[in-house]
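Enquirer: Take a look at this one; I'll ask things after.
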Amino acid sequence: MSELTKKQAKERIKILRKKIRYHEHQYYVQDNPEITDAEFDELMQQLLKLEADFPELISEDSPSQRVGGEPLDKFKKVEHSQQMLSLDNTFNEQELKDFAERIYKITEQNEVEFVVEHKIDGLSAILTYENGQFRQGATRGNGVVGEDVTANLRTINSLPLKLQEDINLEVRGEVFISKSNFAEINQKRLAEETDLFANPRNAAAGSVRQLDPSIAAQRNLSILIYDWISENESKISYHSEALERLKELGFKVNWYQKADSIDEVYKLCEKWQESRDDLDYEIDGLVIKVNKLDLRKILGSTAKSPRWAVAYKFPAQQRTTVVKDIEISVGRTGALTPTAVLEAVEIAGSTVSRATLHNEDEVKRKDVRIGDHVLIQKAGDVIPEVVKVIKEKRTGAEKIFSMPNYCPVCGGDVKRPAGEAVTRCTNITCPAQRKEGILHFVSRNAMNIEGVGPALVDQLLENNLIEDYADLYFLKVDHLKQLERMGEKSADNVIEALENSKDQPFFRVLFALGIRHVGLGGARLLTDNYSSLDEIAGANREELESIDEIGPATAESIVNFFTEPQNKDLITRLKQAGVKLEKDSSEEVEEAKFLADKRFVFTGSLQEYTRSEIKDIVEQAGGRATSTVSSKTDYLVVGENPGSKLAKAQELEVKILTEAEFKEMFDKNKEVLK
């Protein structure tokens, strides 16, 4: 038994709970932790020890009670105090304007202020608080009656079990799983050979409706509050005021922005449709609401939807379609990649008729067959991929796919190296490998040779004018003029572009060579440690592996590349053509004075740059853009609505920059942006 008296324990427990609630709020709601994980764990252990010694002092709102409770047999039904209506959808600017015109007409107003919010792709929940304590959480259900999921919602760290004030209220929020947590969950399920979740929304919904709260606790659920549905305080006249008041009470509130006109609303819709992938949670659109609460009363509702709110839906990023065939493409490294040929569907505003299946193991794991109905997705600039097979729609006529024994392009042997997931063509003269290798060489991030694209490369290969990328530098205007749709001016431009490319920075030339496992970042690493291609070619595996971030597979690939006779010949001819295969003094000076060896990570939505643009800027200045915050990260650049990377950076004391501070850093060094 503890040496403390019950009275002393009660006071100590009160102090610990207050501290823990404060630090939970700072971490999970404000994204601004003030203590380390170890210090937080120590506070929690002290509380657990005291509550174990004095179990009669345990209360429902104690931070120790987030995870726990016996598995349920079934969920109880909960009747909502107010019906949860559905939102009408809009899909374009005109439909938004029509929505606004109806509001102007009913309210007899010429101007109305709107609030725009993220439409989070999760699961709606209704939370009830009595005297500031969380009492009940329910699902939407049919809008009138939902299910009591209190035990599962208690596991959400961003949901306050006790508010800052002893107040009675009812709020609505959206439960979701962040993209980063979703990826971790699926990686774990993959290792356990369990079926993967199709998307974060399905994972969140399945987690909230678990009968065992301990399973929900493992899923790292989050919640953002978007509405106060009990009787508001008399002084609150606007929805935006209610949201700010909810923040004061301790809730993590959904992103919102006020807009004075429907034109401003549409600009926000366009912005977030472009920037949605920068968020660490899925949104499928925006919600537009009339801000003034008195006007909402005038507008009222139909039987199904409020007249004062509407959803603006983004184009779908997931659709179902049918696999018509599975074809094999051959890449520049000889990799055979199975690709699903699909019945064309619209996703995210574009027509999709092909989706990657990655490799043989993925086809088998997902059991994709020709004729299957499948769910496909496209996010950002990612190539569409098959998420899962809808096996319930199988008829028995579907055909099982198997990888070919020979290269479909050249007929050469194919092999799958031990320990690898990829099958490769072993014929280094394979036309497909040659073409893809040349296209990689001329690409923007490599030699950046304008005017040399797939059509011209096809012509050059078909007319036997080139066999590899080194041959490009020995072309003459007369060679090009003989090609179809190639005039003298166009031919001159191509030759000029080839000549200009000879002075590309050394790291881009190294990347252009197409060494397996050596991306743009890897090329920078190598050129940070070696000043010429000859030095890299002379390095052994041990030397290469001693470089931070160069692993055994990459080291072996580099050594193998430079021992291959055909590659030695390529390099000799590049030297003869005058391509720069070493760092010059200007590169050394630039790296020495600016971002050499500096590592950047980005989080949140950026206003002035796309994610690819800002990464290019950093790399052009000698820095490296990585995706994960670690002790080796030098800067975290933070945009709007930053994710969990911010907390990690603060914990590791990484230098944090706003987008404006990042821009200021480069304004002082404008020469690197030229």
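Every chain in the structure tokens has a letter given in the order shown (A, B, ...), and although residue numbers restart at 1 in each chain, ligands are simply numbered from 1 in the order shown.
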Excluding A:Ser222 and its own-chain neighbours fewer than 2 positions away, which residues fall within 8 Å of it when counting only C-alpha atoms? Please give them as an NGL selection string.

Expert: :A and (156-159 or 175-178 or 220 or 224)

Enquirer: Going by DSSP on the backbone, which residues of stretch 185-267 of chain A come out as alpha helix (DSSP H)? List them as a VMD selection string.

Expert: chain A and resid 185 to 191 200 to 208 213 to 217 239 to 249 262 to 267

Enquirer: Any chance you could export the current selection's N, CA and C atoms as a CSV table (one decimal), in the first residue's frame?

Expert:
```csv
chain,number,residue,atom,x,y,z
A,185,ILE,N,-0.5,1.1,-40.5
A,185,ILE,CA,-1.5,0.0,-40.2
A,185,ILE,C,-1.4,-1.0,-41.3
A,186,ASN,N,-1.4,-0.6,-42.5
A,186,ASN,CA,-1.4,-1.5,-43.7
A,186,ASN,C,-0.1,-2.2,-43.8
A,187,GLN,N,1.0,-1.6,-43.4
A,187,GLN,CA,2.3,-2.3,-43.4
A,187,GLN,C,2.3,-3.4,-42.4
A,188,LYS,N,1.7,-3.1,-41.2
A,188,LYS,CA,1.6,-4.1,-40.2
A,188,LYS,C,0.7,-5.3,-40.6
A,189,ARG,N,-0.4,-4.9,-41.3
A,189,ARG,CA,-1.3,-6.0,-41.7
A,189,ARG,C,-0.7,-6.8,-42.8
A,190,LEU,N,0.2,-6.2,-43.6
A,190,LEU,CA,0.9,-6.9,-44.7
A,190,LEU,C,1.8,-7.9,-44.1
A,191,ALA,N,2.6,-7.4,-43.0
A,191,ALA,CA,3.5,-8.3,-42.4
A,191,ALA,C,2.8,-9.5,-41.7
A,200,PRO,N,-8.3,5.0,-45.9
A,200,PRO,CA,-8.4,5.4,-44.5
A,200,PRO,C,-9.8,5.5,-44.0
A,201,ARG,N,-10.8,5.8,-44.9
A,201,ARG,CA,-12.2,6.0,-44.4
A,201,ARG,C,-12.7,4.6,-43.9
A,202,ASN,N,-12.5,3.6,-44.7
A,202,ASN,CA,-12.9,2.2,-44.3
A,202,ASN,C,-12.2,1.8,-43.0
A,203,ALA,N,-10.9,2.1,-42.9
A,203,ALA,CA,-10.2,1.7,-41.7
A,203,ALA,C,-10.8,2.5,-40.5
A,204,ALA,N,-11.1,3.7,-40.6
A,204,ALA,CA,-11.7,4.5,-39.5
A,204,ALA,C,-13.1,4.0,-39.1
A,205,ALA,N,-13.9,3.7,-40.1
A,205,ALA,CA,-15.3,3.3,-39.8
A,205,ALA,C,-15.2,1.9,-39.2
A,206,GLY,N,-14.3,1.0,-39.7
A,206,GLY,CA,-14.2,-0.3,-39.1
A,206,GLY,C,-13.7,-0.3,-37.6
A,207,SER,N,-12.8,0.7,-37.4
A,207,SER,CA,-12.2,0.9,-36.0
A,207,SER,C,-13.3,1.4,-35.0
A,208,VAL,N,-14.1,2.4,-35.5
A,208,VAL,CA,-15.1,2.9,-34.6
A,208,VAL,C,-16.1,1.9,-34.2
A,213,PRO,N,-12.9,-2.4,-27.6
A,213,PRO,CA,-12.2,-1.0,-27.6
A,213,PRO,C,-10.7,-1.1,-27.7
A,214,SER,N,-10.1,-2.2,-27.3
A,214,SER,CA,-8.6,-2.3,-27.3
A,214,SER,C,-8.2,-2.3,-28.8
A,215,ILE,N,-9.0,-2.8,-29.7
A,215,ILE,CA,-8.6,-2.8,-31.1
A,215,ILE,C,-8.7,-1.4,-31.7
A,216,ALA,N,-9.7,-0.7,-31.3
A,216,ALA,CA,-9.8,0.7,-31.7
A,216,ALA,C,-8.6,1.5,-31.2
A,217,ALA,N,-8.2,1.2,-30.0
A,217,ALA,CA,-7.1,2.0,-29.4
A,217,ALA,C,-5.8,1.8,-30.2
A,239,HIS,N,-21.4,31.0,-36.8
A,239,HIS,CA,-20.8,29.7,-36.7
A,239,HIS,C,-19.3,29.7,-36.4
A,240,SER,N,-18.6,30.7,-37.0
A,240,SER,CA,-17.1,30.9,-36.8
A,240,SER,C,-16.9,31.2,-35.3
A,241,GLU,N,-17.7,31.9,-34.6
A,241,GLU,CA,-17.6,32.2,-33.2
A,241,GLU,C,-17.7,30.9,-32.4
A,242,ALA,N,-18.7,30.1,-32.8
A,242,ALA,CA,-18.9,28.8,-32.1
A,242,ALA,C,-17.7,27.9,-32.2
A,243,LEU,N,-17.1,27.9,-33.4
A,243,LEU,CA,-15.9,27.1,-33.6
A,243,LEU,C,-14.7,27.6,-32.7
A,244,GLU,N,-14.6,28.9,-32.6
A,244,GLU,CA,-13.5,29.5,-31.7
A,244,GLU,C,-13.8,29.1,-30.3
A,245,ARG,N,-15.1,29.2,-29.9
A,245,ARG,CA,-15.5,28.9,-28.5
A,245,ARG,C,-15.2,27.4,-28.2
A,246,LEU,N,-15.4,26.5,-29.2
A,246,LEU,CA,-15.1,25.1,-29.0
A,246,LEU,C,-13.6,24.9,-28.8
A,247,LYS,N,-12.8,25.7,-29.5
A,247,LYS,CA,-11.3,25.6,-29.3
A,247,LYS,C,-11.0,25.9,-27.9
A,248,GLU,N,-11.6,27.0,-27.3
A,248,GLU,CA,-11.3,27.4,-26.0
A,248,GLU,C,-11.7,26.3,-25.0
A,249,LEU,N,-12.7,25.5,-25.3
A,249,LEU,CA,-13.2,24.5,-24.4
A,249,LEU,C,-12.2,23.2,-24.4
A,262,ILE,N,-19.4,34.2,-52.9
A,262,ILE,CA,-19.3,32.8,-53.5
A,262,ILE,C,-18.1,32.7,-54.4
A,263,ASP,N,-17.7,33.8,-55.0
A,263,ASP,CA,-16.5,33.8,-55.8
A,263,ASP,C,-15.2,33.4,-55.0
A,264,GLU,N,-15.2,34.0,-53.8
A,264,GLU,CA,-14.1,33.6,-52.9
A,264,GLU,C,-14.2,32.1,-52.5
A,265,VAL,N,-15.4,31.7,-52.3
A,265,VAL,CA,-15.6,30.3,-52.0
A,265,VAL,C,-15.1,29.4,-53.1
A,266,TYR,N,-15.4,29.7,-54.3
A,266,TYR,CA,-14.9,28.9,-55.4
A,266,TYR,C,-13.4,28.9,-55.5
A,267,LYS,N,-12.8,30.0,-55.3
A,267,LYS,CA,-11.3,30.0,-55.3
A,267,LYS,C,-10.7,29.1,-54.3
```

Enquirer: Please list as a list in words every residue within 9 Å of A:Val345, counting only C-alpha atoms and excluding residues in the same chain fewer than 5 positions away.

Expert: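 The residues satisfying every condition are Arg319, Thr320, Thr321, Ser350, Thr351, Val352 and Ser353 of chain A.
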
Enquirer: Determine the nearest neighbour of A:Lys568 from the options A:Ile495, A:Leu480, A:Ile547, A:Ala470, counting only C-alpha atoms.

Expert: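 Closest to A:Lys568 of all the choices is A:Ala470.
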
Enquirer: Just the strand (DSSP E) stuff from stretch 11-179 of chain A, please, per backbone DSSP, written as a PyMOL selection string.

Expert: chain A and resi 77-79+89-90+114-120+123-130+133-139+145-147+169-176

Enquirer: Can you spit out the residues from that selection as a short mmCIF file (atom, residue, chain, number, x, y, z; two decimals), in the first residue's frame, using C-alpha atoms?

Expert:
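Heads up, here's the output in part.cif:
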```
data_model
loop_
_atom_site.label_atom_id
_atom_site.label_comp_id
_atom_site.auth_asym_id
_atom_site.auth_seq_id
_atom_site.Cartn_x
_atom_site.Cartn_y
_atom_site.Cartn_z
CA LYS A 77 -29.01 2.31 -30.04
CA VAL A 78 -28.89 6.07 -29.45
CA GLU A 79 -31.62 8.47 -30.56
CA ASN A 89 -23.73 18.22 -53.39
CA THR A 90 -22.30 20.67 -55.90
CA PHE A 114 -19.84 31.94 -45.73
CA VAL A 115 -17.62 29.57 -43.79
CA VAL A 116 -15.66 27.00 -45.81
CA GLU A 117 -14.49 23.79 -44.09
CA HIS A 118 -12.67 20.62 -45.11
CA LYS A 119 -15.04 17.78 -45.91
CA ILE A 120 -13.08 15.07 -44.12
CA LEU A 123 -17.05 8.80 -40.00
CA SER A 124 -19.40 11.31 -38.37
CA ALA A 125 -19.79 11.17 -34.59
CA ILE A 126 -21.98 12.97 -32.05
CA LEU A 127 -20.37 13.71 -28.68
CA THR A 128 -22.31 14.55 -25.51
CA TYR A 129 -20.76 16.28 -22.49
CA GLU A 130 -22.34 16.76 -19.07
CA GLN A 133 -17.23 15.42 -18.86
CA PHE A 134 -17.50 13.21 -21.93
CA ARG A 135 -20.54 10.98 -21.44
CA GLN A 136 -21.52 9.50 -24.76
CA GLY A 137 -20.41 9.15 -28.36
CA ALA A 138 -22.65 7.91 -31.15
CA THR A 139 -22.44 7.21 -34.88
CA VAL A 145 -30.82 6.76 -34.51
CA GLY A 146 -27.15 5.81 -34.26
CA GLU A 147 -25.00 3.38 -32.25
CA LEU A 169 -23.09 20.52 -24.73
CA GLU A 170 -23.41 18.31 -27.79
CA VAL A 171 -21.03 18.53 -30.73
CA ARG A 172 -20.44 16.82 -34.05
CA GLY A 173 -17.13 15.79 -35.46
CA GLU A 174 -15.46 13.55 -38.01
CA VAL A 175 -13.43 10.53 -36.92
CA PHE A 176 -10.58 9.62 -39.25
#
```

Enquirer: Report as a compact mmCIF listing (two decimals) with C-alpha atoms, in the first residue's frame all protein, DNA and RNA residues lying within 10 Å of A:Ser64, evaluated on only C-alpha atoms, omitting residues in the same chain fewer than 5 positions from it.

Expert:
```txt
# COMPACT_ATOMS: atom_id res chain seq x y z
CA ARG A 17 -4.67 14.48 -14.21
CA ILE A 20 -1.64 15.06 -18.25
CA MET A 44 1.02 8.61 -16.75
CA GLN A 45 2.84 5.86 -14.86
CA LEU A 47 -1.14 8.26 -12.17
CA LEU A 48 -1.64 4.57 -12.96
CA GLU A 51 -5.06 4.68 -9.15
CA ILE A 58 -10.65 6.20 -10.46
CA SER A 59 -13.09 8.36 -12.44
```

Enquirer: Which residues are close to A:Leu657, i.e. within 8 Å by only C-alpha atoms, leaving aside same-chain residues fewer than 4 positions away? Reply as a list in words.

Expert: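 The neighbour list is Tyr635, Leu636, Val637, Val638, Glu661 and Phe662 of chain A.
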
Enquirer: Grab the atom CA of A:Glu108 to atom CA of A:Arg296 distance for me, in Å with one decimal place.

Expert: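 It comes out at 12.9 Å.
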
Enquirer: Write out as a PyMOL selection string which residues come within 12 Å of A:Val310 when counting only C-alpha atoms, dropping same-chain ones fewer than 2 positions away.

Expert: chain A and resi 85-91+95-100+102-103+114-117+119+265+285-290+301+304-308+312-313

Enquirer: Which one of A:Ser557, A:Asn427, A:Gln433, A:Thr302 sits closest to A:Ser329 if you count only C-alpha atoms?

Expert: A:Gln433

Enquirer: Kindly indicate which residue among A:Ile106, A:Thr426, A:Asn500, A:Ile35 lies nearest to A:Gly300, using only C-alpha atoms for the distances.

Expert: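 Residue with the minimum atom-to-atom distance to A:Gly300: A:Ile106.
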
Enquirer: Find, counting only C-alpha atoms, the residue in A:Lys292, A:Arg12, A:Glu549, A:Thr563 that gets nearest to A:Thr107.

Expert: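 Looking at the shortest contact to A:Thr107, the residue is A:Lys292.
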
Enquirer: Residues within 6 Å of stretch 445-453 of chain A, please, as JSON, numbers by chain. Count only C-alpha atoms; anything in the same chain fewer than 5 positions from it doesn't count.

Expert: {"A": [494, 497, 501, 508, 512]}

Enquirer: Counting only C-alpha atoms, which of A:Val330, A:Leu456, A:Glu462, A:Asn291 gets nearest to A:Pro404?

Expert: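 Going through A:Val330, A:Leu456, A:Glu462, A:Asn291 one by one, the smallest distance to A:Pro404 is for A:Val330.
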
Enquirer: So how far away is atom CA of A:Ile328 from atom CA of A:Leu342, in Å?

Expert: 13.9 Å
